[in-house]
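Inspection log for the structure reproduced underneath, given as structure tokens.
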Amino acid sequence: MILLKTFFLWVLSLFGIYPDKYLTLKVNEALPPILKKNIIYIVEEDGYQEQAAMLCPCGCKRILHMNLLPDERPCWKVIEYKDGSVSLNPSVWRKTDCRSHFWFIKGKIKWVGNMQNNPHDF
Ligand SMILES: [Zn+2]
């Protein structure tokens with residue numbers, strides 16, 4: 001059932017349709033050369049989660065890399081849910097450029113501060 005849903009969302013993405021919920025895609029060792037919108041990539045190596053990556057949700061097209069290895073700083077934790085979605089802890093905060101600050105919770109972006117109304121409007 002979950003597989004079917006993932007497949008369905010993937011088919012939609014081929015047509016440029018992205019439901020607001022992010023798809024979780026686990027990849028081995030390396031990220032694909034081009035990241036797609038509304039997908040959070042979890043890079044795994046030897047069974048360990050190495051990093052999470054996604055396009056910045058503000059639309060600035062930067063790639064956000066979140067380290068998942070506990071012996072490096074800063075470090076995020078991925079929480080996985082039965083429906084295939086994930087959360088990131090703590091929040092993601094770009095201190096430069098677009099300054100996006102958001103929580104990633106169960107595949108959805110929760111903006112922090114003054115960007116929460118419309119992140120595309122600044
Ligand atoms: Zn951004």
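So you can find residues: chains in the structure tokens are A, B, ... in the order shown, residues in each start at 1, and ligands are numbered from 1 in order.
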
Write as a list in words the residues around ligand 1, taking 9 Å as the cut-off and counting only C-alpha atoms and all ligand atoms.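 The residues near ligand 1 are Leu55, Cys56, Pro57, Cys58, Gly59, Cys60, Lys61, Arg62, Ile63, Leu64, Arg94, Asp97, Cys98, Arg99, Ser100, His101 and Pro119 of chain A.
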
So which residues touch Leu68 in chain A within 8 Å, counting only C-alpha atoms, skipping near sequence neighbours fewer than 2 positions away, as a list of chain:residue names?
-> A:Gln49, A:Glu50, A:Gln51, A:Ala52, A:Met66, A:Pro70, A:Cys75, A:Trp76, A:Lys77, A:Val78

Output file for the residues above (all heavy atoms, as a PDB file, in the first residue's frame):
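This is the output file part15.pdb:
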```
ATOM      1  N   GLN A  49      22.699   6.133   8.081  1.00  0.00           N
ATOM      2  CA  GLN A  49      22.183   7.326   7.431  1.00  0.00           C
ATOM      3  C   GLN A  49      23.242   8.412   7.515  1.00  0.00           C
ATOM      4  O   GLN A  49      23.696   8.780   8.587  1.00  0.00           O
ATOM      5  CB  GLN A  49      20.894   7.781   8.119  1.00  0.00           C
ATOM      6  CG  GLN A  49      19.772   6.782   7.906  1.00  0.00           C
ATOM      7  CD  GLN A  49      18.478   7.236   8.541  1.00  0.00           C
ATOM      8  OE1 GLN A  49      18.477   8.046   9.463  1.00  0.00           O
ATOM      9  NE2 GLN A  49      17.362   6.714   8.047  1.00  0.00           N
ATOM     10  N   GLU A  50      23.637   8.899   6.351  1.00  0.00           N
ATOM     11  CA  GLU A  50      24.762   9.813   6.287  1.00  0.00           C
ATOM     12  C   GLU A  50      24.327  11.269   6.231  1.00  0.00           C
ATOM     13  O   GLU A  50      24.828  12.118   6.938  1.00  0.00           O
ATOM     14  CB  GLU A  50      25.559   9.473   5.034  1.00  0.00           C
ATOM     15  CG  GLU A  50      26.986   9.873   5.099  1.00  0.00           C
ATOM     16  CD  GLU A  50      27.766   9.239   3.963  1.00  0.00           C
ATOM     17  OE1 GLU A  50      27.491   9.597   2.814  1.00  0.00           O
ATOM     18  OE2 GLU A  50      28.622   8.387   4.232  1.00  0.00           O
ATOM     19  N   GLN A  51      23.396  11.546   5.326  1.00  0.00           N
ATOM     20  CA  GLN A  51      22.895  12.906   5.232  1.00  0.00           C
ATOM     21  C   GLN A  51      21.492  12.917   4.643  1.00  0.00           C
ATOM     22  O   GLN A  51      21.078  11.972   3.979  1.00  0.00           O
ATOM     23  CB  GLN A  51      23.808  13.785   4.371  1.00  0.00           C
ATOM     24  CG  GLN A  51      23.898  13.344   2.922  1.00  0.00           C
ATOM     25  CD  GLN A  51      24.396  14.470   2.009  1.00  0.00           C
ATOM     26  OE1 GLN A  51      23.856  15.570   1.983  1.00  0.00           O
ATOM     27  NE2 GLN A  51      25.440  14.194   1.255  1.00  0.00           N
ATOM     28  N   ALA A  52      20.781  14.004   4.918  1.00  0.00           N
ATOM     29  CA  ALA A  52      19.502  14.249   4.271  1.00  0.00           C
ATOM     30  C   ALA A  52      19.715  15.461   3.375  1.00  0.00           C
ATOM     31  O   ALA A  52      20.505  16.353   3.701  1.00  0.00           O
ATOM     32  CB  ALA A  52      18.426  14.536   5.305  1.00  0.00           C
ATOM     33  N   MET A  66      21.768  18.159   5.256  1.00  0.00           N
ATOM     34  CA  MET A  66      21.693  17.999   6.696  1.00  0.00           C
ATOM     35  C   MET A  66      22.473  16.745   7.089  1.00  0.00           C
ATOM     36  O   MET A  66      22.103  15.636   6.710  1.00  0.00           O
ATOM     37  CB  MET A  66      20.230  17.864   7.152  1.00  0.00           C
ATOM     38  CG  MET A  66      19.482  19.178   7.255  1.00  0.00           C
ATOM     39  SD  MET A  66      19.067  19.930   5.666  1.00  0.00           S
ATOM     40  CE  MET A  66      17.785  18.827   5.076  1.00  0.00           C
ATOM     41  N   PRO A  70      26.164  11.170  13.800  1.00  0.00           N
ATOM     42  CA  PRO A  70      26.168  11.751  15.152  1.00  0.00           C
ATOM     43  C   PRO A  70      27.512  12.312  15.599  1.00  0.00           C
ATOM     44  O   PRO A  70      27.563  13.140  16.505  1.00  0.00           O
ATOM     45  CB  PRO A  70      25.729  10.581  16.044  1.00  0.00           C
ATOM     46  CG  PRO A  70      25.912   9.358  15.224  1.00  0.00           C
ATOM     47  CD  PRO A  70      25.821   9.757  13.784  1.00  0.00           C
ATOM     48  N   CYS A  75      24.253  18.278  13.553  1.00  0.00           N
ATOM     49  CA  CYS A  75      23.718  16.960  13.242  1.00  0.00           C
ATOM     50  C   CYS A  75      22.208  16.944  13.408  1.00  0.00           C
ATOM     51  O   CYS A  75      21.680  17.501  14.372  1.00  0.00           O
ATOM     52  CB  CYS A  75      24.389  15.954  14.182  1.00  0.00           C
ATOM     53  SG  CYS A  75      23.624  14.348  14.171  1.00  0.00           S
ATOM     54  N   TRP A  76      21.548  16.329  12.446  1.00  0.00           N
ATOM     55  CA  TRP A  76      20.089  16.188  12.524  1.00  0.00           C
ATOM     56  C   TRP A  76      19.719  14.728  12.729  1.00  0.00           C
ATOM     57  O   TRP A  76      20.500  13.831  12.425  1.00  0.00           O
ATOM     58  CB  TRP A  76      19.437  16.693  11.238  1.00  0.00           C
ATOM     59  CG  TRP A  76      19.311  18.170  11.180  1.00  0.00           C
ATOM     60  CD1 TRP A  76      18.218  18.916  11.541  1.00  0.00           C
ATOM     61  CD2 TRP A  76      20.296  19.111  10.749  1.00  0.00           C
ATOM     62  NE1 TRP A  76      18.480  20.256  11.361  1.00  0.00           N
ATOM     63  CE2 TRP A  76      19.736  20.393  10.879  1.00  0.00           C
ATOM     64  CE3 TRP A  76      21.600  18.986  10.273  1.00  0.00           C
ATOM     65  CZ2 TRP A  76      20.437  21.555  10.542  1.00  0.00           C
ATOM     66  CZ3 TRP A  76      22.303  20.134   9.945  1.00  0.00           C
ATOM     67  CH2 TRP A  76      21.734  21.397  10.071  1.00  0.00           C
ATOM     68  N   LYS A  77      18.517  14.547  13.225  1.00  0.00           N
ATOM     69  CA  LYS A  77      18.009  13.204  13.425  1.00  0.00           C
ATOM     70  C   LYS A  77      16.782  13.021  12.544  1.00  0.00           C
ATOM     71  O   LYS A  77      15.950  13.924  12.446  1.00  0.00           O
ATOM     72  CB  LYS A  77      17.621  13.046  14.900  1.00  0.00           C
ATOM     73  CG  LYS A  77      17.483  11.626  15.361  1.00  0.00           C
ATOM     74  CD  LYS A  77      17.373  11.629  16.889  1.00  0.00           C
ATOM     75  CE  LYS A  77      16.612  10.451  17.440  1.00  0.00           C
ATOM     76  NZ  LYS A  77      16.648   9.194  16.785  1.00  0.00           N
ATOM     77  N   VAL A  78      16.703  11.883  11.889  1.00  0.00           N
ATOM     78  CA  VAL A  78      15.543  11.569  11.053  1.00  0.00           C
ATOM     79  C   VAL A  78      14.604  10.669  11.836  1.00  0.00           C
ATOM     80  O   VAL A  78      15.024   9.659  12.385  1.00  0.00           O
ATOM     81  CB  VAL A  78      15.978  10.854   9.748  1.00  0.00           C
ATOM     82  CG1 VAL A  78      14.768  10.316   8.995  1.00  0.00           C
ATOM     83  CG2 VAL A  78      16.765  11.800   8.862  1.00  0.00           C
TER      84      VAL A  78
END
```

Proximity check range 74-108 of chain A to range 19-29 of chain A, 12 Å, nearest pairs one decimal Å, only C-alpha atoms, as a tab-separated table:
```
residue	atom	partner	partner_atom	distance
A:Val78	CA	A:Thr24	CA	11.0
A:Ile79	CA	A:Thr24	CA	11.5
A:Glu80	CA	A:Thr24	CA	9.5
A:Tyr81	CA	A:Thr24	CA	10.5
A:Lys82	CA	A:Thr24	CA	11.8
A:Asp83	CA	A:Thr24	CA	10.1
A:Gly84	CA	A:Thr24	CA	6.7
A:Ser85	CA	A:Thr24	CA	6.0
A:Val86	CA	A:Thr24	CA	6.9
A:Ser87	CA	A:Thr24	CA	10.1
A:Leu88	CA	A:Thr24	CA	11.8
A:Phe104	CA	A:Tyr22	CA	9.4
A:Ile105	CA	A:Tyr22	CA	9.7
A:Lys106	CA	A:Lys21	CA	8.2
A:Gly107	CA	A:Tyr22	CA	4.6
A:Lys108	CA	A:Lys21	CA	5.3
```

Calculated over only C-alpha atoms, which of the candidates A:Met54, A:Leu9, A:Leu35, A:Val92 has the smallest distance to Trp111 in chain A?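 Closest to Trp111 in chain A of all the choices is A:Val92.
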
Handout entry: Distance query Tyr48 in chain A at most 9 Å, only C-alpha atoms, self and fewer than 3 positions along chain excluded, as a PyMOL selection string
Key = chain A and resi 43-45+68-69

- prompt: DSSP says strand (DSSP E) for which residues of range 11-67 of chain A? Put them as a list in words?
  reply: Leu23, Thr24, Leu25, Lys26, Val27, Asn28, Ile39, Ile40, Tyr41, Ile42, Val43, Glu44, Glu45, Tyr48, Gln49, Glu50, Gln51, Ala52, Ala53, Met54, Leu55, Ile63, Leu64, His65, Met66 and Asn67 of chain A

- Task: Could you please write out, as an MDAnalysis selection string, every residue of chain A that DSSP assigns to alpha helix (DSSP H)?
- Result: chainID A and resid 2:14

With N, CA and C atoms kept, could you save the residues just selected as a PDB file, in the first residue's frame?
```pdb
ATOM      1  N   ILE A   2       1.857   1.252   0.889  1.00  0.00           N
ATOM      2  CA  ILE A   2       2.768   2.403   0.954  1.00  0.00           C
ATOM      3  C   ILE A   2       3.545   2.519  -0.360  1.00  0.00           C
ATOM      4  N   LEU A   3       3.976   1.375  -0.863  1.00  0.00           N
ATOM      5  CA  LEU A   3       4.710   1.360  -2.125  1.00  0.00           C
ATOM      6  C   LEU A   3       3.875   1.934  -3.251  1.00  0.00           C
ATOM      7  N   LEU A   4       2.604   1.554  -3.252  1.00  0.00           N
ATOM      8  CA  LEU A   4       1.685   2.007  -4.287  1.00  0.00           C
ATOM      9  C   LEU A   4       1.551   3.525  -4.227  1.00  0.00           C
ATOM     10  N   LYS A   5       1.442   4.044  -3.003  1.00  0.00           N
ATOM     11  CA  LYS A   5       1.290   5.480  -2.812  1.00  0.00           C
ATOM     12  C   LYS A   5       2.557   6.211  -3.275  1.00  0.00           C
ATOM     13  N   THR A   6       3.695   5.662  -2.900  1.00  0.00           N
ATOM     14  CA  THR A   6       4.966   6.255  -3.303  1.00  0.00           C
ATOM     15  C   THR A   6       5.070   6.288  -4.821  1.00  0.00           C
ATOM     16  N   PHE A   7       4.670   5.180  -5.433  1.00  0.00           N
ATOM     17  CA  PHE A   7       4.709   5.083  -6.882  1.00  0.00           C
ATOM     18  C   PHE A   7       3.789   6.123  -7.520  1.00  0.00           C
ATOM     19  N   PHE A   8       2.610   6.261  -6.941  1.00  0.00           N
ATOM     20  CA  PHE A   8       1.630   7.214  -7.444  1.00  0.00           C
ATOM     21  C   PHE A   8       2.180   8.645  -7.389  1.00  0.00           C
ATOM     22  N   LEU A   9       2.795   8.995  -6.255  1.00  0.00           N
ATOM     23  CA  LEU A   9       3.362  10.338  -6.092  1.00  0.00           C
ATOM     24  C   LEU A   9       4.501  10.556  -7.085  1.00  0.00           C
ATOM     25  N   TRP A  10       5.253   9.495  -7.320  1.00  0.00           N
ATOM     26  CA  TRP A  10       6.370   9.583  -8.252  1.00  0.00           C
ATOM     27  C   TRP A  10       5.841   9.839  -9.666  1.00  0.00           C
ATOM     28  N   VAL A  11       4.764   9.129 -10.030  1.00  0.00           N
ATOM     29  CA  VAL A  11       4.174   9.331 -11.352  1.00  0.00           C
ATOM     30  C   VAL A  11       3.693  10.777 -11.487  1.00  0.00           C
ATOM     31  N   LEU A  12       3.047  11.281 -10.442  1.00  0.00           N
ATOM     32  CA  LEU A  12       2.590  12.678 -10.465  1.00  0.00           C
ATOM     33  C   LEU A  12       3.762  13.626 -10.676  1.00  0.00           C
ATOM     34  N   SER A  13       4.889  13.319 -10.008  1.00  0.00           N
ATOM     35  CA  SER A  13       6.052  14.211 -10.091  1.00  0.00           C
ATOM     36  C   SER A  13       6.603  14.258 -11.517  1.00  0.00           C
ATOM     37  N   LEU A  14       6.428  13.167 -12.267  1.00  0.00           N
ATOM     38  CA  LEU A  14       6.878  13.148 -13.661  1.00  0.00           C
ATOM     39  C   LEU A  14       6.120  14.177 -14.491  1.00  0.00           C
TER      40      LEU A  14
END
```

Correct to one decimal, the distance CA of Trp93 in chain A-CA of Arg73 in chain A is 14.1 Å

Atom pair CA of Trp103 in chain A + CA of Ile34 in chain A, distance 23.3 Å

Quick one: pull the distance between CA of Pro90 in chain A and CA of Ala30 in chain A, Å, one decimal.
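Pair CA of Pro90 in chain A / CA of Ala30 in chain A returns 23.2 Å.
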
Could you give me, as a list in words, the residues within 6 Å of Ala53 in chain A, counting only C-alpha atoms and dropping anything in the same chain fewer than 5 positions from it?
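What passes the distance filter is Ile40, Tyr41, Leu64 and His65 of chain A.
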